[in-house]
Amino acid sequence: MTDYLPLILATFLLAGMVKGVVGLGLPTIAVGLLGLLMAPLQAAALLIIPSMVSNIWQLCDGRSPLPMLRRLWPMLLGIVAGTLLVAAALHSLDLPGASRWLGAALVLYAVLGLARVQVRVAARYEPWLAPLIGAVTGAITAVTGVFVIPAVPYLQAIGLEKDDLIQALGLSFSVSTLALAAALGHSGELLQPAVLGLSALALLPALLGMAAGQWLRKRISAERFKRWFFIGLLLLGSELALRGF
């Protein structure tokens, strides 16, 4: 992986900037771009420290996360269970064709983002839907290293205010990162000391990118930036999904 060090650092700088502007996108951009160079879960292993620290930063907005945690715990538990159970069921976390699955997940996320479909989930459906959404998100995380589908559309559909949504995304991504780290660590294949060292090194450009993105957010249209973000994801996902055909 050290052969790709400049590209790894540049990728996390860009991914951090996107997260700074739109409040999400660091894992998606990082794993998606690095998935062009390596297996998705190798890229996800590099994500562990930058993702964890940036999500804690996102959660530290002066409000207690406990009320949101009480609402979202069924989904979060589902994420952990889905990630660990699917990871345990697989013979190897480095699956053939994983890049194409990653590409398909990115395309789906981009299409949903560009379509701007306004789905609403009534509160009465949350008790049974939340753990199902979490389990599916965890399963996709275990295969692709990306933890946005279907958790992000679900969180956008349950009627959260903007600040609450950002906090909910931070909680979801934090739990997904921890579950992924546990799966990678248990497999013993990918979460090696050298990889953790590279992950720690990637933290600096990720945080610099987030700071730059937060500065940029005050000076550009976040909605227009988000639209280009989804267009870029669509192109990237299509490239990954069509590889080998």
# chains A, B, ... in the order shown; residues from 1 in each chain; ligands from 1
>>> closest_atom_pairs(of="range 133-210 of chain A", to="range 114-127 of chain A", cutoff="12 Å", atoms="only C-alpha atoms", output="JSON lines")
{"residue": "A:Ile133", "atom": "CA", "partner": "A:Glu126", "partner_atom": "CA", "distance": 9.7}
{"residue": "A:Gly134", "atom": "CA", "partner": "A:Glu126", "partner_atom": "CA", "distance": 11.3}
{"residue": "A:Val152", "atom": "CA", "partner": "A:Val119", "partner_atom": "CA", "distance": 11.9}
{"residue": "A:Pro153", "atom": "CA", "partner": "A:Val119", "partner_atom": "CA", "distance": 8.2}
{"residue": "A:Tyr154", "atom": "CA", "partner": "A:Val121", "partner_atom": "CA", "distance": 7.7}
{"residue": "A:Leu155", "atom": "CA", "partner": "A:Val121", "partner_atom": "CA", "distance": 9.1}
{"residue": "A:Gln156", "atom": "CA", "partner": "A:Val119", "partner_atom": "CA", "distance": 8.1}
{"residue": "A:Ala157", "atom": "CA", "partner": "A:Arg120", "partner_atom": "CA", "distance": 4.5}
{"residue": "A:Ile158", "atom": "CA", "partner": "A:Val121", "partner_atom": "CA", "distance": 5.1}
{"residue": "A:Gly159", "atom": "CA", "partner": "A:Arg120", "partner_atom": "CA", "distance": 7.0}
{"residue": "A:Leu160", "atom": "CA", "partner": "A:Arg120", "partner_atom": "CA", "distance": 10.5}
>>> write_last_selection(atoms="N, CA, C and O atoms", output="compact mmCIF listing (two decimals), in the first residue's frame")
# COMPACT_ATOMS: atom_id res chain seq x y z
N ILE A 133 -33.24 -2.10 8.44
CA ILE A 133 -32.36 -1.18 7.72
C ILE A 133 -30.93 -1.33 8.22
O ILE A 133 -29.97 -1.36 7.44
N GLY A 134 -30.77 -1.43 9.53
CA GLY A 134 -29.44 -1.59 10.10
C GLY A 134 -28.77 -2.87 9.64
O GLY A 134 -27.59 -2.88 9.28
N VAL A 152 -28.44 5.93 5.20
CA VAL A 152 -28.58 7.37 4.98
C VAL A 152 -29.96 7.73 4.44
O VAL A 152 -30.62 8.65 4.98
N PRO A 153 -30.48 7.06 3.38
CA PRO A 153 -31.85 7.39 2.94
C PRO A 153 -32.89 7.20 4.04
O PRO A 153 -33.84 7.98 4.15
N TYR A 154 -32.70 6.17 4.88
CA TYR A 154 -33.64 5.95 5.98
C TYR A 154 -33.61 7.12 6.97
O TYR A 154 -34.67 7.63 7.37
N LEU A 155 -32.42 7.54 7.36
CA LEU A 155 -32.31 8.65 8.31
C LEU A 155 -32.88 9.94 7.73
O LEU A 155 -33.44 10.76 8.46
N GLN A 156 -32.74 10.11 6.41
CA GLN A 156 -33.31 11.29 5.76
C GLN A 156 -34.83 11.21 5.69
O GLN A 156 -35.49 12.22 5.48
N ALA A 157 -35.39 10.01 5.87
CA ALA A 157 -36.82 9.82 5.69
C ALA A 157 -37.61 9.85 6.99
O ALA A 157 -38.85 9.85 6.95
N ILE A 158 -36.95 9.88 8.14
CA ILE A 158 -37.70 9.78 9.40
C ILE A 158 -38.00 11.15 10.02
O ILE A 158 -38.41 11.23 11.18
N GLY A 159 -37.79 12.21 9.24
CA GLY A 159 -38.25 13.52 9.66
C GLY A 159 -37.36 14.26 10.64
O GLY A 159 -37.87 15.04 11.45
N LEU A 160 -36.06 14.05 10.58
CA LEU A 160 -35.14 14.74 11.48
C LEU A 160 -34.85 16.16 10.98
O LEU A 160 -34.76 16.40 9.78
>>> closest_atom_pairs(of="range 56-162 of chain A", to="range 13-34 of chain A", cutoff="12 Å", atoms="only C-alpha atoms", output="tab-separated table")
residue	atom	partner	partner_atom	distance
A:Trp57	CA	A:Gly20	CA	10.8
A:Gln58	CA	A:Gly23	CA	8.0
A:Leu59	CA	A:Gly23	CA	11.0
A:Ala98	CA	A:Gly32	CA	11.5
A:Ser99	CA	A:Gly32	CA	8.8
A:Arg100	CA	A:Gly32	CA	10.8
A:Trp101	CA	A:Gly32	CA	11.0
A:Leu102	CA	A:Gly32	CA	7.4
A:Gly103	CA	A:Gly32	CA	7.6
A:Ala104	CA	A:Gly32	CA	10.8
A:Ala105	CA	A:Thr28	CA	9.8
A:Leu106	CA	A:Gly32	CA	7.7
A:Val107	CA	A:Gly32	CA	10.7
A:Tyr109	CA	A:Thr28	CA	9.7
A:Ala110	CA	A:Thr28	CA	10.6
A:Thr141	CA	A:Pro27	CA	10.8
A:Thr144	CA	A:Val31	CA	8.5
A:Gly145	CA	A:Val31	CA	7.0
A:Val146	CA	A:Thr28	CA	6.0
A:Phe147	CA	A:Pro27	CA	7.8
A:Val148	CA	A:Thr28	CA	7.6
A:Ile149	CA	A:Thr28	CA	10.3
A:Val152	CA	A:Leu24	CA	9.5
A:Lys162	CA	A:Gly23	CA	10.3
>>> closest_residue(among="A:Ala211, A:Ile8, A:Pro40, A:Leu233", to="Gly97 in chain A", atoms="only C-alpha atoms")
A:Pro40
>>> atom_distance(atom1="CA of Val175 in chain A", atom2="CA of Trp228 in chain A")
27.6 Å
>>> closest_atom_pairs(of="range 134-172 of chain A", to="range 66-88 of chain A", cutoff="10 Å", atoms="only C-alpha atoms", output="JSON lines")
{"residue": "A:Gly134", "atom": "CA", "partner": "A:Gly78", "partner_atom": "CA", "distance": 4.2}
{"residue": "A:Ala135", "atom": "CA", "partner": "A:Gly82", "partner_atom": "CA", "distance": 4.2}
{"residue": "A:Val136", "atom": "CA", "partner": "A:Gly82", "partner_atom": "CA", "distance": 6.5}
{"residue": "A:Thr137", "atom": "CA", "partner": "A:Ile79", "partner_atom": "CA", "distance": 5.9}
{"residue": "A:Gly138", "atom": "CA", "partner": "A:Thr83", "partner_atom": "CA", "distance": 4.0}
{"residue": "A:Ala139", "atom": "CA", "partner": "A:Gly82", "partner_atom": "CA", "distance": 4.9}
{"residue": "A:Ile140", "atom": "CA", "partner": "A:Thr83", "partner_atom": "CA", "distance": 7.7}
{"residue": "A:Thr141", "atom": "CA", "partner": "A:Thr83", "partner_atom": "CA", "distance": 6.2}
{"residue": "A:Ala142", "atom": "CA", "partner": "A:Thr83", "partner_atom": "CA", "distance": 5.1}
{"residue": "A:Val143", "atom": "CA", "partner": "A:Ala87", "partner_atom": "CA", "distance": 7.6}
{"residue": "A:Gly145", "atom": "CA", "partner": "A:Thr83", "partner_atom": "CA", "distance": 9.8}
{"residue": "A:Phe147", "atom": "CA", "partner": "A:Ile79", "partner_atom": "CA", "distance": 8.9}
{"residue": "A:Ala151", "atom": "CA", "partner": "A:Met75", "partner_atom": "CA", "distance": 8.3}
{"residue": "A:Tyr154", "atom": "CA", "partner": "A:Met75", "partner_atom": "CA", "distance": 9.9}
{"residue": "A:Leu155", "atom": "CA", "partner": "A:Leu72", "partner_atom": "CA", "distance": 9.3}
{"residue": "A:Asp164", "atom": "CA", "partner": "A:Met68", "partner_atom": "CA", "distance": 7.8}
{"residue": "A:Leu165", "atom": "CA", "partner": "A:Met68", "partner_atom": "CA", "distance": 9.5}
{"residue": "A:Gln167", "atom": "CA", "partner": "A:Met68", "partner_atom": "CA", "distance": 7.7}
{"residue": "A:Ala168", "atom": "CA", "partner": "A:Met68", "partner_atom": "CA", "distance": 6.6}
{"residue": "A:Leu171", "atom": "CA", "partner": "A:Leu69", "partner_atom": "CA", "distance": 7.6}
{"residue": "A:Ser172", "atom": "CA", "partner": "A:Leu76", "partner_atom": "CA", "distance": 6.5}
>>> residues_around(residues="Val195 in chain A", least_positions_apart="3", cutoff="7 Å", atoms="only C-alpha atoms", output="PyMOL selection string")
chain A and resi 45-46+191-192+198-199
